[in-house]
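The structure appears below as structure tokens.
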Amino acid sequence: MRLTKEELKDLMKKKLNKAGLTEEHADGVADVLVHADARGVHSHGAMRVEYYAERIAKGGLNTAPNFKFEKTGPTTAIFDGDNGVGHVAAKLAMDEAIQMAKENGIAVVGVRRIGHSGALSYFVQQAAEQDLIGLSLCQSDPMVVPFGGAEPYYGTNPIAFAAPGEDDIITFDMATTVQAWGKILHARSKNESIPDTWAVDKNGEPTTDPFNVNALLPIAGPKGYGLMMMVDVLSGILLGLPFGNRVSSMYHDLSEGRNLGQLHIVINPEYFTNLETFKQNITTTMSDLNNIKPAPGFDQVSYPGQRSAQREAAYMEKGIEIVDDVYEYLVSDVVHNNAYGNKDPFAK
Ligand code: NAI
């Protein structure tokens, strides 16, 4: 099913509003979700609405959070999300970080006690659209084996970065696992197998069956494992939040807030170099990369985020493609089908 960006956002907003979010927060969440679907990151788009709706209905997302923003120094602050929707808290915290970086050159804003915040590219692009560099990191539920381990300890702990070019933004946004958990859910929703490099089964053996996954694998062995440790320190331990395998599960108890952490770092290029030269050089980086001789089997080297931007442009013409089950749920009267609660995250 193909929908325009506006149609898809409107369906998601209505469902989240029906589930109990205020219209303002439903709009904020739908905006982040449609951003992900429009860029082809379907693992973090409309397919998450039913999970959020169930969590809202069961009380595990505060629908009337008391957001608190507190400056802790000239360039540092804490945004307390009161276990409201992470998408909205992370967006508002980034707005504050942008303002601080414009005034002081840099801002580090910790976002405490939030629910899942979706695709981090959304937040770092907020900064890049204002001629700033954005970095964002967040915790995620423990489902990844540390290098050499046979049981999960860290989450898929993503890292995102965006910087402004002259007419475009370079955006890098990745889970520190070979694949995000949402990609396994996406494979499940389409009944497709997965490559044997993504995940392990309950014996720690590689698996191609998305329904047999018991833990994900970090990117590049000990190096990805080190990065996910760094994300957990910066977005969890630094903010006084549960860390490592103490981070709440996405699925165990949908009636409790998740207390997740996220860290936004915003850098103002003007405090380091000439802004116009910086933007020109980002644009030059993009074209340099595009002009690198492609390896056999590749048409062109893409810069990070380029393929997502191209997908978005194509979707804007043809409509965003959504799997039928997700569309049928969105247009139905059902708030949720009780499909996610009290589950082992790896349950089929
Ligand atoms: P991905 O594997 O689709 O892409 C990772 C990065 O590689 C992107 O920046 C992409 O532009 C770049 N890339 C991919 N193919 C490329 C190519 N051929 N040439 C050049 N660059 C290329 O992303 P992943 O790891 O699956 O993450 C998906 C989303 O999940 C992200 O938006 C992330 O923020 C989100 N996420 C959110 C979590 C949360 O708890 N909020 C947890 C984990 C992931």
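Simple scheme: letters A, B, ... for chains in structure tokens order, numbers from 1 for residues in each chain, numbers from 1 for ligands in the order shown.
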
Fill in: Contacts of stretch 249-258 of chain A at 12 Å (only C-alpha atoms; same-chain gap of 5+ positions) as number ranges by chain
A: 48, 51-63, 65, 81-86, 112-117, 139-143, 152-156, 181-182, 241-244, 338-347

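The environment of A:Thr171 within 6 Å, counting only C-alpha atoms and disregarding residues fewer than 5 places along the same chain, consists of Phe161, Ala162, Pro304 and Gly305 of chain A.
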
Fill in: Test item: residues lying within 7 Å of ligand 1 with only C-alpha atoms and all ligand atoms, as JSON, numbers by chain
{"A": [36, 41, 43, 44, 116, 117, 118, 119, 120, 121, 138, 139, 140, 156, 157, 158, 159, 160, 171, 172, 173, 174, 175, 176, 177, 178, 179, 180, 181, 183, 301, 302, 303, 304, 305, 306, 307, 308]}

Item to complete: Report the distance between atom CA of A:Lys5 and atom CA of A:Leu330 in Å, rounded to one decimal place.
Response: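 Atom CA of A:Leu330 lies 14.2 Å from atom CA of A:Lys5.
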
Discussion item. Given only C-alpha atoms as the basis, pick out the residue of A:Asp27, A:Glu151, A:Glu103, A:Glu50 nearest to A:Glu205.
Written reply: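 Of A:Asp27, A:Glu151, A:Glu103, A:Glu50, the one nearest A:Glu205, counting only C-alpha atoms, is A:Glu151.
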
Discussion item. Please extract the residues of stretch 27-265 of chain A with a backbone DSSP assignment of strand (DSSP E or B) and present them as a PyMOL selection string.
Written reply: chain A and resi 68-73+76-80+106-114+133-138+144+154+159-164+169-174+177+199-200+206+215-216+218+260-265

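Between A:Asp168 and the residues A:Asp131, A:Asp325, A:Glu96, A:Glu192, the shortest atom-to-atom distance, using only C-alpha atoms, involves A:Asp131.
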
Worksheet item: Which residues, written as a ChimeraX atom specification, have at least one atom at most 9 Å from A:Pro195, with only C-alpha atoms counted and residues fewer than 5 positions away on the same chain left out?
Response: /A:206-209

Those same residues, written as a PDB file, in the first residue's frame with C-alpha atoms?
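Output file part-v3.pdb is given in full below:
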```pdb
ATOM      1  CA  PRO A 206      24.187 -17.826  14.083  1.00  0.00           C
ATOM      2  CA  THR A 207      20.590 -18.081  12.812  1.00  0.00           C
ATOM      3  CA  THR A 208      18.754 -17.116   9.604  1.00  0.00           C
ATOM      4  CA  ASP A 209      15.276 -17.513  11.112  1.00  0.00           C
TER       5      ASP A 209
END
```

Discussion item. Just checking: using only C-alpha atoms, which residue out of A:Asn203, A:Gln130, A:Asn17, A:Asn214 ends up closest to A:Ile267?
Written reply: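 For A:Ile267, the nearest of the candidates is A:Gln130.
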
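The residue that comes closest to A:Gly226, out of A:Ala89, A:Val145, A:Val200, A:Leu275 and on the basis of only C-alpha atoms, is A:Val145.
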
Worksheet entry | Using only C-alpha atoms: which of A:Pro269, A:Leu21, A:Val49, A:Gln280 has the shortest distance to A:Tyr327 |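 When distances to A:Tyr327 are compared using only C-alpha atoms, the smallest one comes from A:Val49.
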
Practice prompt. Extract, using only C-alpha atoms, all DNA, RNA and protein residues at most 8 Å from A:Asn268, discarding same-chain residues fewer than 3 positions from it, and format them as a list in words.
Written response: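 In the requested form, the answer reads Ala101, Lys102, Gly105, Ile106, Asp131, Leu132, Ile133, Tyr271 and Phe272 of chain A.
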
Write a file of the selected residues as a short mmCIF file (atom, residue, chain, number, x, y, z; two decimals), in the first residue's frame, keeping N, CA and C atoms.
```cif
data_model
loop_
_atom_site.label_atom_id
_atom_site.label_comp_id
_atom_site.auth_asym_id
_atom_site.auth_seq_id
_atom_site.Cartn_x
_atom_site.Cartn_y
_atom_site.Cartn_z
N ALA A 101 23.76 25.88 21.78
CA ALA A 101 24.95 25.83 20.92
C ALA A 101 25.07 27.10 20.09
N LYS A 102 23.94 27.69 19.72
CA LYS A 102 24.00 28.97 18.99
C LYS A 102 24.62 30.04 19.88
N GLY A 105 28.41 27.90 21.49
CA GLY A 105 29.34 27.10 20.68
C GLY A 105 29.14 25.61 20.78
N ILE A 106 28.68 25.15 21.92
CA ILE A 106 28.47 23.70 22.09
C ILE A 106 27.37 23.48 23.12
N ASP A 131 22.29 24.82 10.66
CA ASP A 131 23.72 25.05 10.42
C ASP A 131 24.60 24.63 11.59
N LEU A 132 24.17 23.59 12.30
CA LEU A 132 24.95 23.07 13.43
C LEU A 132 25.23 21.59 13.19
N ILE A 133 26.20 21.06 13.93
CA ILE A 133 26.49 19.63 13.85
C ILE A 133 25.73 18.95 14.99
N TYR A 271 32.19 28.43 15.88
CA TYR A 271 33.13 28.61 16.99
C TYR A 271 34.47 27.92 16.70
N PHE A 272 34.58 27.25 15.55
CA PHE A 272 35.80 26.51 15.23
C PHE A 272 36.40 26.92 13.90
#
```

Worksheet item: Looking at A:Val108, A:Val231, A:Ala38, A:Leu11, which one is nearest to A:Gly319, with distances taken over only C-alpha atoms?
Response: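 Answer, going by the shortest atom-to-atom distance: A:Ala38.
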
Worksheet item: What does the distance between atom CA of A:Gln126 and atom CA of A:Leu263 come to in Å, to one decimal place?
Response: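 That distance, rounded to one decimal, is 14.4 Å.
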
Practice prompt. Name the residues of stretch 122-161 of chain A that fall into helix (DSSP H, G or I) according to DSSP on the backbone, using the chain letters and numbers of this document, as a ChimeraX atom specification.
Written response: /A:122-128

Just N, CA, C and O atoms for this one: save the residues we selected as a PDB file, in the first residue's frame.
```
ATOM      1  N   TYR A 122      16.264  11.897  12.917  1.00  0.00           N
ATOM      2  CA  TYR A 122      15.324  13.020  13.033  1.00  0.00           C
ATOM      3  C   TYR A 122      15.936  14.139  13.884  1.00  0.00           C
ATOM      4  O   TYR A 122      15.877  15.312  13.513  1.00  0.00           O
ATOM      5  N   PHE A 123      16.523  13.761  15.027  1.00  0.00           N
ATOM      6  CA  PHE A 123      16.987  14.767  15.994  1.00  0.00           C
ATOM      7  C   PHE A 123      18.282  15.445  15.518  1.00  0.00           C
ATOM      8  O   PHE A 123      18.440  16.652  15.659  1.00  0.00           O
ATOM      9  N   VAL A 124      19.193  14.652  14.946  1.00  0.00           N
ATOM     10  CA  VAL A 124      20.448  15.277  14.498  1.00  0.00           C
ATOM     11  C   VAL A 124      20.203  16.170  13.284  1.00  0.00           C
ATOM     12  O   VAL A 124      20.883  17.182  13.102  1.00  0.00           O
ATOM     13  N   GLN A 125      19.187  15.822  12.488  1.00  0.00           N
ATOM     14  CA  GLN A 125      18.862  16.698  11.345  1.00  0.00           C
ATOM     15  C   GLN A 125      18.261  18.022  11.809  1.00  0.00           C
ATOM     16  O   GLN A 125      18.413  19.047  11.140  1.00  0.00           O
ATOM     17  N   GLN A 126      17.577  18.013  12.967  1.00  0.00           N
ATOM     18  CA  GLN A 126      17.081  19.294  13.519  1.00  0.00           C
ATOM     19  C   GLN A 126      18.252  20.263  13.657  1.00  0.00           C
ATOM     20  O   GLN A 126      18.139  21.438  13.336  1.00  0.00           O
ATOM     21  N   ALA A 127      19.393  19.751  14.173  1.00  0.00           N
ATOM     22  CA  ALA A 127      20.574  20.604  14.376  1.00  0.00           C
ATOM     23  C   ALA A 127      21.172  21.024  13.037  1.00  0.00           C
ATOM     24  O   ALA A 127      21.471  22.210  12.817  1.00  0.00           O
ATOM     25  N   ALA A 128      21.333  20.061  12.121  1.00  0.00           N
ATOM     26  CA  ALA A 128      21.980  20.373  10.841  1.00  0.00           C
ATOM     27  C   ALA A 128      21.159  21.388  10.037  1.00  0.00           C
ATOM     28  O   ALA A 128      21.714  22.215   9.312  1.00  0.00           O
TER      29      ALA A 128
END
```

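Pairwise distance (atom CA of A:Phe211, atom CA of A:Ala199) equals 10.8 Å.
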